[in-house]
$ cat protein_14.cif   # mmCIF, C-alpha atoms and all ligand atoms
data_start
loop_
_atom_site.label_atom_id
_atom_site.label_comp_id
_atom_site.auth_asym_id
_atom_site.auth_seq_id
_atom_site.Cartn_x
_atom_site.Cartn_y
_atom_site.Cartn_z
CA MET A 1 49.42 -28.01 -38.53
CA LEU A 2 46.78 -28.43 -41.25
CA ALA A 3 44.11 -31.06 -40.83
CA CYS A 4 41.69 -31.92 -43.63
CA LYS A 5 38.91 -34.09 -42.25
CA SER A 6 36.32 -35.95 -44.31
CA LEU A 7 36.29 -33.28 -47.03
CA THR A 8 33.70 -33.70 -49.75
CA LYS A 9 33.00 -31.58 -52.81
CA THR A 10 30.72 -32.39 -55.73
CA PHE A 11 30.56 -29.96 -58.62
CA ASN A 12 27.20 -29.65 -60.40
CA ALA A 13 25.52 -31.55 -57.57
CA GLY A 14 22.11 -32.89 -58.51
CA GLN A 15 22.83 -32.76 -62.25
CA ALA A 16 23.63 -35.59 -64.63
CA THR A 17 27.25 -34.36 -64.84
CA ALA A 18 27.74 -34.49 -61.06
CA ARG A 19 30.81 -36.35 -59.89
CA PRO A 20 32.54 -36.11 -56.53
CA ALA A 21 35.87 -34.28 -56.76
CA LEU A 22 36.58 -34.84 -53.07
CA ASP A 23 35.00 -37.87 -51.46
CA GLY A 24 35.75 -37.98 -47.76
CA LEU A 25 39.36 -36.88 -48.00
CA ASP A 26 41.52 -37.01 -44.86
CA LEU A 27 45.00 -35.50 -44.77
CA ALA A 28 47.14 -34.23 -41.91
CA VAL A 29 50.00 -31.93 -42.87
CA ASN A 30 52.74 -31.54 -40.26
CA ARG A 31 54.88 -28.44 -39.93
CA GLY A 32 57.94 -28.80 -42.17
CA ASP A 33 56.38 -31.45 -44.41
CA PHE A 34 57.11 -31.26 -48.12
CA ILE A 35 54.28 -33.35 -49.54
CA VAL A 36 54.16 -34.27 -53.21
CA VAL A 37 50.63 -35.02 -54.40
CA ILE A 38 50.14 -37.26 -57.42
CA GLY A 39 47.12 -38.96 -58.98
CA SER A 40 45.47 -39.50 -62.31
CA ASN A 41 43.48 -36.80 -64.14
CA GLY A 42 40.38 -35.89 -62.22
CA ALA A 43 41.61 -37.45 -58.95
CA GLY A 44 40.84 -34.19 -57.13
CA LYS A 45 44.33 -32.75 -56.64
CA SER A 46 43.53 -29.20 -57.76
CA THR A 47 40.23 -29.26 -55.91
CA LEU A 48 42.12 -30.16 -52.74
CA LEU A 49 44.55 -27.24 -53.20
CA ASN A 50 41.65 -24.90 -54.03
CA THR A 51 39.83 -26.01 -50.90
CA ILE A 52 42.91 -25.46 -48.73
CA ALA A 53 43.44 -22.01 -50.29
CA GLY A 54 39.79 -21.12 -49.73
CA ALA A 55 38.96 -20.72 -53.43
CA ILE A 56 36.45 -23.58 -53.09
CA GLU A 57 34.21 -24.30 -50.10
CA PRO A 58 33.83 -28.00 -49.32
CA ASP A 59 30.29 -29.38 -49.14
CA THR A 60 31.06 -31.17 -45.89
CA GLY A 61 34.08 -31.85 -43.72
CA THR A 62 36.46 -29.50 -41.94
CA LEU A 63 39.78 -27.79 -42.43
CA SER A 64 41.72 -26.68 -39.42
CA PHE A 65 44.95 -24.78 -39.13
CA ASP A 66 46.87 -25.01 -35.89
CA GLY A 67 43.66 -26.11 -34.25
CA ARG A 68 41.61 -23.21 -35.64
CA ASP A 69 38.65 -24.09 -37.85
CA ILE A 70 39.18 -22.32 -41.20
CA THR A 71 36.63 -24.29 -43.24
CA ARG A 72 34.54 -21.21 -44.03
CA LEU A 73 37.31 -18.60 -43.85
CA PRO A 74 37.39 -16.64 -47.14
CA ALA A 75 40.49 -16.93 -49.34
CA HIS A 76 41.65 -13.35 -48.77
CA ARG A 77 41.75 -13.98 -45.03
CA ARG A 78 44.01 -17.00 -45.57
CA ALA A 79 46.37 -15.03 -47.83
CA GLY A 80 48.73 -14.17 -44.98
CA MET A 81 49.31 -17.83 -44.19
CA ILE A 82 48.95 -19.57 -47.53
CA ALA A 83 50.88 -18.75 -50.72
CA ARG A 84 50.35 -20.42 -54.04
CA VAL A 85 52.12 -20.86 -57.37
CA PHE A 86 50.00 -21.99 -60.31
CA GLN A 87 50.77 -23.92 -63.49
CA ASP A 88 50.22 -20.91 -65.74
CA PRO A 89 53.19 -18.51 -65.57
CA MET A 90 50.80 -15.67 -66.50
CA ILE A 91 48.96 -16.06 -63.18
CA GLY A 92 50.57 -14.91 -59.97
CA THR A 93 52.56 -11.94 -61.20
CA ALA A 94 51.35 -8.54 -62.42
CA ALA A 95 52.60 -8.25 -66.03
CA ALA A 96 52.55 -4.46 -66.29
CA MET A 97 54.49 -3.98 -63.06
CA THR A 98 58.25 -4.33 -62.72
CA MET A 99 59.91 -7.24 -60.96
CA GLU A 100 60.75 -5.13 -57.92
CA GLU A 101 57.20 -3.79 -57.67
CA ASN A 102 55.87 -7.36 -57.78
CA LEU A 103 58.36 -8.41 -55.10
CA ALA A 104 57.50 -5.46 -52.86
CA LEU A 105 53.79 -6.22 -53.15
CA ALA A 106 54.41 -9.88 -52.38
CA GLU A 107 56.29 -8.97 -49.24
CA ARG A 108 53.28 -7.00 -48.04
CA ARG A 109 50.83 -9.72 -48.98
CA GLY A 110 48.31 -10.54 -46.30
CA LYS A 111 49.80 -7.94 -43.96
CA GLY A 112 46.92 -5.51 -44.40
CA HIS A 113 48.98 -2.52 -45.52
CA GLY A 114 46.93 -1.88 -48.65
CA PHE A 115 48.55 -1.35 -52.00
CA GLY A 116 50.93 1.42 -50.99
CA PHE A 117 54.54 0.29 -51.00
CA LEU A 118 57.90 1.90 -50.85
CA LEU A 119 60.99 0.41 -52.42
CA SER A 120 63.94 0.97 -50.15
CA ALA A 121 67.58 0.57 -51.17
CA GLY A 122 67.81 -2.26 -48.64
CA GLY A 123 64.80 -3.97 -50.18
CA ARG A 124 66.30 -3.71 -53.66
CA LYS A 125 69.57 -5.26 -52.48
CA ARG A 126 67.72 -8.09 -50.81
CA TYR A 127 65.67 -8.79 -53.93
CA ARG A 128 68.82 -8.66 -56.06
CA ASP A 129 70.56 -11.17 -53.79
CA MET A 130 67.56 -13.51 -53.82
CA LEU A 131 67.30 -13.38 -57.60
CA ALA A 132 71.06 -13.83 -58.07
CA GLY A 133 70.77 -17.14 -56.23
CA LEU A 134 68.45 -18.42 -58.96
CA GLU A 135 71.17 -18.14 -61.58
CA LEU A 136 68.66 -17.14 -64.23
CA GLY A 137 70.22 -13.72 -64.88
CA MET A 138 67.26 -11.89 -63.35
CA GLU A 139 69.07 -9.91 -60.66
CA ASN A 140 70.00 -7.01 -62.95
CA ARG A 141 66.52 -6.61 -64.35
CA LEU A 142 64.65 -5.45 -61.26
CA SER A 143 63.06 -2.54 -63.12
CA THR A 144 61.99 -4.70 -66.08
CA PRO A 145 58.23 -5.15 -66.50
CA VAL A 146 57.28 -8.76 -65.78
CA ALA A 147 55.60 -8.98 -69.22
CA GLN A 148 59.11 -9.07 -70.72
CA LEU A 149 60.17 -12.20 -68.79
CA SER A 150 60.08 -15.75 -70.12
CA GLY A 151 57.63 -18.27 -68.67
CA GLY A 152 60.39 -19.88 -66.60
CA GLN A 153 61.58 -16.54 -65.27
CA ARG A 154 58.00 -15.65 -64.32
CA GLN A 155 57.59 -18.94 -62.46
CA ALA A 156 60.89 -18.36 -60.68
CA LEU A 157 59.71 -14.88 -59.72
CA SER A 158 56.35 -16.28 -58.54
CA LEU A 159 58.23 -18.69 -56.29
CA VAL A 160 60.42 -15.99 -54.80
CA MET A 161 57.30 -13.86 -54.28
CA ALA A 162 55.50 -16.75 -52.59
CA SER A 163 58.42 -17.32 -50.23
CA LEU A 164 58.82 -13.58 -49.47
CA SER A 165 55.40 -13.48 -47.85
CA LYS A 166 56.74 -16.09 -45.38
CA PRO A 167 53.69 -18.33 -45.68
CA SER A 168 52.87 -20.99 -43.13
CA LEU A 169 51.92 -23.17 -46.11
CA LEU A 170 53.11 -23.09 -49.72
CA LEU A 171 50.90 -24.63 -52.42
CA LEU A 172 52.48 -25.53 -55.75
CA ASP A 173 49.95 -26.58 -58.38
CA GLU A 174 51.92 -28.24 -61.21
CA HIS A 175 54.07 -25.13 -61.23
CA THR A 176 56.64 -26.56 -63.68
CA ALA A 177 54.21 -28.30 -66.05
CA ALA A 178 54.11 -25.47 -68.61
CA LEU A 179 57.90 -25.12 -68.81
CA ASP A 180 60.41 -26.78 -71.12
CA PRO A 181 62.26 -29.69 -69.42
CA ARG A 182 65.47 -27.73 -68.74
CA THR A 183 63.66 -24.74 -67.23
CA ALA A 184 61.38 -27.09 -65.29
CA ASP A 185 64.48 -28.70 -63.76
CA LEU A 186 65.91 -25.29 -62.85
CA VAL A 187 62.67 -24.20 -61.22
CA MET A 188 62.46 -27.52 -59.33
CA THR A 189 66.02 -27.16 -58.05
CA MET A 190 65.17 -23.68 -56.90
CA THR A 191 61.94 -24.93 -55.31
CA ARG A 192 63.79 -27.56 -53.27
CA ARG A 193 66.36 -24.99 -52.17
CA LEU A 194 63.84 -22.32 -51.13
CA VAL A 195 61.69 -24.84 -49.30
CA ALA A 196 64.71 -26.25 -47.45
CA GLU A 197 66.31 -22.87 -46.65
CA GLN A 198 63.10 -21.41 -45.29
CA ALA A 199 61.73 -24.68 -43.90
CA LEU A 200 58.48 -24.02 -45.75
CA THR A 201 55.64 -26.47 -45.22
CA THR A 202 54.72 -27.33 -48.78
CA LEU A 203 52.17 -29.25 -50.83
CA MET A 204 53.15 -29.76 -54.46
CA VAL A 205 50.95 -31.32 -57.15
CA THR A 206 52.79 -32.89 -60.05
CA HIS A 207 52.33 -35.39 -62.87
CA ASN A 208 56.08 -35.77 -63.16
CA MET A 209 57.07 -39.09 -61.58
CA ARG A 210 60.74 -38.19 -61.41
CA GLN A 211 59.90 -35.04 -59.44
CA ALA A 212 57.63 -37.12 -57.22
CA ILE A 213 60.46 -39.51 -56.41
CA GLU A 214 63.20 -36.92 -55.97
CA THR A 215 61.22 -34.35 -54.00
CA GLY A 216 59.74 -34.04 -50.55
CA ASN A 217 59.46 -36.22 -47.47
CA ARG A 218 55.97 -37.56 -48.22
CA LEU A 219 54.24 -38.76 -51.35
CA VAL A 220 50.47 -38.67 -51.30
CA MET A 221 48.65 -40.55 -54.01
CA MET A 222 45.09 -39.41 -54.67
CA ASP A 223 42.40 -41.36 -56.43
CA ALA A 224 38.72 -40.52 -56.86
CA GLY A 225 38.78 -37.70 -54.34
CA ARG A 226 40.58 -39.54 -51.57
CA VAL A 227 44.08 -40.21 -50.35
CA ARG A 228 44.88 -43.77 -51.41
CA ASP A 229 48.49 -43.90 -50.33
CA ASP A 230 50.73 -41.80 -48.11
CA ILE A 231 54.34 -42.87 -48.54
CA HIS A 232 56.95 -41.49 -46.15
CA GLY A 233 60.14 -42.28 -44.28
CA ILE A 234 62.44 -44.94 -45.65
CA GLU A 235 59.79 -46.14 -48.10
CA LYS A 236 59.66 -42.67 -49.66
CA SER A 237 63.41 -42.19 -49.78
CA SER A 238 64.01 -45.58 -51.38
CA LEU A 239 61.15 -45.35 -53.88
CA THR A 240 62.08 -46.22 -57.47
CA PRO A 241 60.25 -45.33 -60.70
CA ALA A 242 59.29 -49.03 -61.03
CA ASP A 243 57.70 -49.01 -57.54
CA LEU A 244 55.67 -45.98 -58.48
CA VAL A 245 54.52 -47.44 -61.79
CA ASP A 246 53.45 -50.59 -59.90
CA LYS A 247 51.55 -48.58 -57.31
CA PHE A 248 49.84 -46.54 -60.00
CA LYS A 249 48.89 -49.68 -61.88
CA ILE A 250 47.33 -51.14 -58.76
CA GLU A 251 45.45 -47.89 -58.15
CA ASN A 252 44.20 -47.82 -61.73
CA ASP A 253 43.17 -51.49 -61.59
CA ARG A 254 41.34 -50.79 -58.34
CA MET A 255 39.62 -47.87 -59.99
CA LEU A 256 38.59 -50.02 -62.95
CA LEU A 257 37.23 -52.64 -60.57
CA GLY A 258 35.36 -49.90 -58.77
CA SER A 259 36.73 -50.71 -55.33
N1 LIG B 301 34.94 -25.89 -61.51
C1 LIG B 301 34.54 -27.14 -61.78
N2 LIG B 301 33.31 -27.38 -62.26
C2 LIG B 301 32.88 -28.63 -62.50
N3 LIG B 301 33.64 -29.73 -62.30
C3 LIG B 301 34.87 -29.55 -61.82
C4 LIG B 301 35.40 -28.26 -61.55
N4 LIG B 301 36.66 -28.40 -61.08
C5 LIG B 301 36.92 -29.71 -61.08
N5 LIG B 301 35.86 -30.41 -61.52
C6 LIG B 301 35.76 -31.88 -61.62
O1 LIG B 301 36.18 -32.41 -60.37
C7 LIG B 301 36.97 -33.58 -60.56
C8 LIG B 301 38.35 -33.36 -59.94
O2 LIG B 301 39.02 -32.35 -60.67
P1 LIG B 301 40.46 -31.78 -60.28
O3 LIG B 301 40.76 -30.68 -61.23
O4 LIG B 301 40.49 -31.49 -58.84
O5 LIG B 301 41.37 -33.06 -60.58
P2 LIG B 301 42.95 -33.13 -60.72
O6 LIG B 301 43.37 -34.34 -59.96
O7 LIG B 301 43.56 -31.84 -60.35
O8 LIG B 301 43.07 -33.41 -62.27
P3 LIG B 301 44.22 -33.00 -63.32
O9 LIG B 301 45.40 -33.87 -63.00
O10 LIG B 301 43.60 -33.36 -64.63
O11 LIG B 301 44.50 -31.54 -63.16
C9 LIG B 301 37.00 -33.83 -62.07
O12 LIG B 301 36.00 -34.75 -62.37
C10 LIG B 301 36.70 -32.46 -62.64
O13 LIG B 301 36.09 -32.59 -63.90
#

$ encode --input "protein_14.cif" --output "structure tokens" --more "lines below"
Ligand SMILES: Nc1ncnc2c1ncn2[C@@H]1O[C@H](COP(=O)(O)OP(=O)(O)OP(=O)(O)O)[C@@H](O)[C@H]1O
Amino acid sequence: MLACKSLTKTFNAGQATARPALDGLDLAVNRGDFIVVIGSNGAGKSTLLNTIAGAIEPDTGTLSFDGRDITRLPAHRRAGMIARVFQDPMIGTAAAMTMEENLALAERRGKGHGFGFLLSAGGRKRYRDMLAGLELGMENRLSTPVAQLSGGQRQALSLVMASLSKPSLLLLDEHTAALDPRTADLVMTMTRRLVAEQALTTLMVTHNMRQAIETGNRLVMMDAGRVRDDIHGIEKSSLTPADLVDKFKIENDRMLLGS
């Protein structure tokens, strides 16, 4: 479905601070994949998500979506097919607008209907049902401004909004990292459920090894702007924390040795 081929990106190219963020990265995402992306700081995980979303243009390489070259397609023209939830709960929702207004806008996202939206009784009921399923007590607060929600509630809302736009690809960029452990677990449970129910093709970046083990059908390990490991099938499902620590150690040793 999505093919990243030989992607490169160097920030501050030509300057002393230049360092490749993507260095010939290849990744093929199949429809229905739930890929967890891990890697040490600076491995290029966010740059990869930004490149897929169109927020960053690669220096070289190509991105194609269902066979169509989207390498130079601007972010707003990908909005109908790609949804994203960020680490910061303050990004992704409009604070001054109510929950239902945010949800209605999300539903229209990328559909080219401008900013006009109408909240129907049917829409409200649907939003209420979706929020009730989260078990965060948000379903009776549809007319509450988002600014009054907790960080976890905002992330949960961002997720529901992302899924409402029925994206072909969902990008989750450490979306639970800013939450307390209990709320992070709740949001992860909800993430797995939404992704499974809607069969959303998903790429999730995390530093949380437990999440990496318990989530998704593929585990992609990035290092120095490339995919170093792509674990799937039985190997993924039987992965233990010790295996992952070992793999990471090997990657880090390799990095230190410069290979
Ligand atoms: N806008 C930018 N300007 C300059 N350098 C950047 C920019 N964004 C990323 N980089 C650099 O590119 C490299 C990859 O960064 P990136 O944020 O993609 O890594 P990451 O794997 O997401 O790291 P982390 O786990 O710390 O979030 C790093 O060396 C980083 O300093």

$ residues_near_ligand --input "protein_14.cif" --ligand "ligand LIG 301 (chain B)" --cutoff "10 Å" --atoms "all atoms listed in the file" --output "PyMOL selection string"
chain A and resi 9-13+17-22+37-51+56+87+173-174+205-207+222-225

$ atom_distance --input "protein_14.cif" --atom1 "CA of Leu27 in chain A" --atom2 "CA of Phe248 in chain A"
19.4 Å

$ closest_residue --input "protein_14.cif" --among "A:Ser165, A:Gln148, A:Thr176, A:Asn102" --to "Met204 in chain A" --atoms "only C-alpha atoms"
A:Thr176

$ atom_distance --input "protein_14.cif" --atom1 "CA of Asp88 in chain A" --atom2 "CA of Arg218 in chain A"
24.8 Å

$ atom_distance --input "protein_14.cif" --atom1 "CA of Pro241 in chain A" --atom2 "CA of Ala212 in chain A"
9.3 Å

$ closest_residue --input "protein_14.cif" --among "A:Ala106, A:Ala177, A:Met99, A:Leu2" --to "Leu63 in chain A" --atoms "all atoms listed in the file"
A:Leu2

$ residues_near_point --input "protein_14.cif" --point "(59.0, -26.9, -47.5)" --cutoff "8 Å" --atoms "all atoms listed in the file" --output "ChimeraX atom specification"
/A:32-34,170,192,194-196,198-203,216

$ write_last_selection --input "protein_14.cif" --atoms "C-alpha atoms" --output "PDB file, in the frame of the given file"
ATOM      1  CA  GLY A  32      57.940 -28.800 -42.170  1.00  0.00           C
ATOM      2  CA  ASP A  33      56.380 -31.450 -44.410  1.00  0.00           C
ATOM      3  CA  PHE A  34      57.110 -31.260 -48.120  1.00  0.00           C
ATOM      4  CA  LEU A 170      53.110 -23.090 -49.720  1.00  0.00           C
ATOM      5  CA  ARG A 192      63.790 -27.560 -53.270  1.00  0.00           C
ATOM      6  CA  LEU A 194      63.840 -22.320 -51.130  1.00  0.00           C
ATOM      7  CA  VAL A 195      61.690 -24.840 -49.300  1.00  0.00           C
ATOM      8  CA  ALA A 196      64.710 -26.250 -47.450  1.00  0.00           C
ATOM      9  CA  GLN A 198      63.100 -21.410 -45.290  1.00  0.00           C
ATOM     10  CA  ALA A 199      61.730 -24.680 -43.900  1.00  0.00           C
ATOM     11  CA  LEU A 200      58.480 -24.020 -45.750  1.00  0.00           C
ATOM     12  CA  THR A 201      55.640 -26.470 -45.220  1.00  0.00           C
ATOM     13  CA  THR A 202      54.720 -27.330 -48.780  1.00  0.00           C
ATOM     14  CA  LEU A 203      52.170 -29.250 -50.830  1.00  0.00           C
ATOM     15  CA  GLY A 216      59.740 -34.040 -50.550  1.00  0.00           C
TER      16      GLY A 216
END

$ residues_around --input "protein_14.cif" --residues "Leu73 in chain A" --least-positions-apart "5" --cutoff "12 Å" --atoms "only C-alpha atoms" --output "list in words"
Thr51, Ile52, Ala53, Gly54, Ala55, Ile56, Glu57, Pro58, Thr62, Leu63, Ser64, Phe65, Arg68, Arg78 and Ala79 of chain A

$ residues_around --input "protein_14.cif" --residues "His232 in chain A" --least-positions-apart "4" --cutoff "8 Å" --atoms "all atoms listed in the file" --output "number ranges by chain"
A: 217-219, 236-237

$ write_last_selection --input "protein_14.cif" --atoms "C-alpha atoms" --output "PDB file, in the coordinates of the input"
ATOM      1  CA  ASN A 217      59.460 -36.220 -47.470  1.00  0.00           C
ATOM      2  CA  ARG A 218      55.970 -37.560 -48.220  1.00  0.00           C
ATOM      3  CA  LEU A 219      54.240 -38.760 -51.350  1.00  0.00           C
ATOM      4  CA  LYS A 236      59.660 -42.670 -49.660  1.00  0.00           C
ATOM      5  CA  SER A 237      63.410 -42.190 -49.780  1.00  0.00           C
TER       6      SER A 237
END

$ closest_residue --input "protein_14.cif" --among "A:Ala178, A:Leu131, A:Val187, A:Leu171" --to "Arg84 in chain A" --atoms "all atoms listed in the file"
A:Leu171

$ closest_residue --input "protein_14.cif" --among "A:Cys4, A:Val36, A:Thr71, A:Leu149" --to "Asp229 in chain A" --atoms "all atoms listed in the file"
A:Val36

$ closest_residue --input "protein_14.cif" --among "A:Met138, A:Ile91, A:Met161, A:Ala83" --to "Ala104 in chain A" --atoms "all atoms listed in the file"
A:Met161

$ residues_near_point --input "protein_14.cif" --point "(35.7, -40.1, -50.2)" --cutoff "7 Å" --atoms "all atoms listed in the file" --output "ChimeraX atom specification"
/A:8,22-25,225-226

$ write_last_selection --input "protein_14.cif" --atoms "C-alpha atoms" --output "short mmCIF file (atom, residue, chain, number, x, y, z; two decimals), keeping the file's coordinate frame"
data_model
loop_
_atom_site.label_atom_id
_atom_site.label_comp_id
_atom_site.auth_asym_id
_atom_site.auth_seq_id
_atom_site.Cartn_x
_atom_site.Cartn_y
_atom_site.Cartn_z
CA THR A 8 33.70 -33.70 -49.75
CA LEU A 22 36.58 -34.84 -53.07
CA ASP A 23 35.00 -37.87 -51.46
CA GLY A 24 35.75 -37.98 -47.76
CA LEU A 25 39.36 -36.88 -48.00
CA GLY A 225 38.78 -37.70 -54.34
CA ARG A 226 40.58 -39.54 -51.57
#
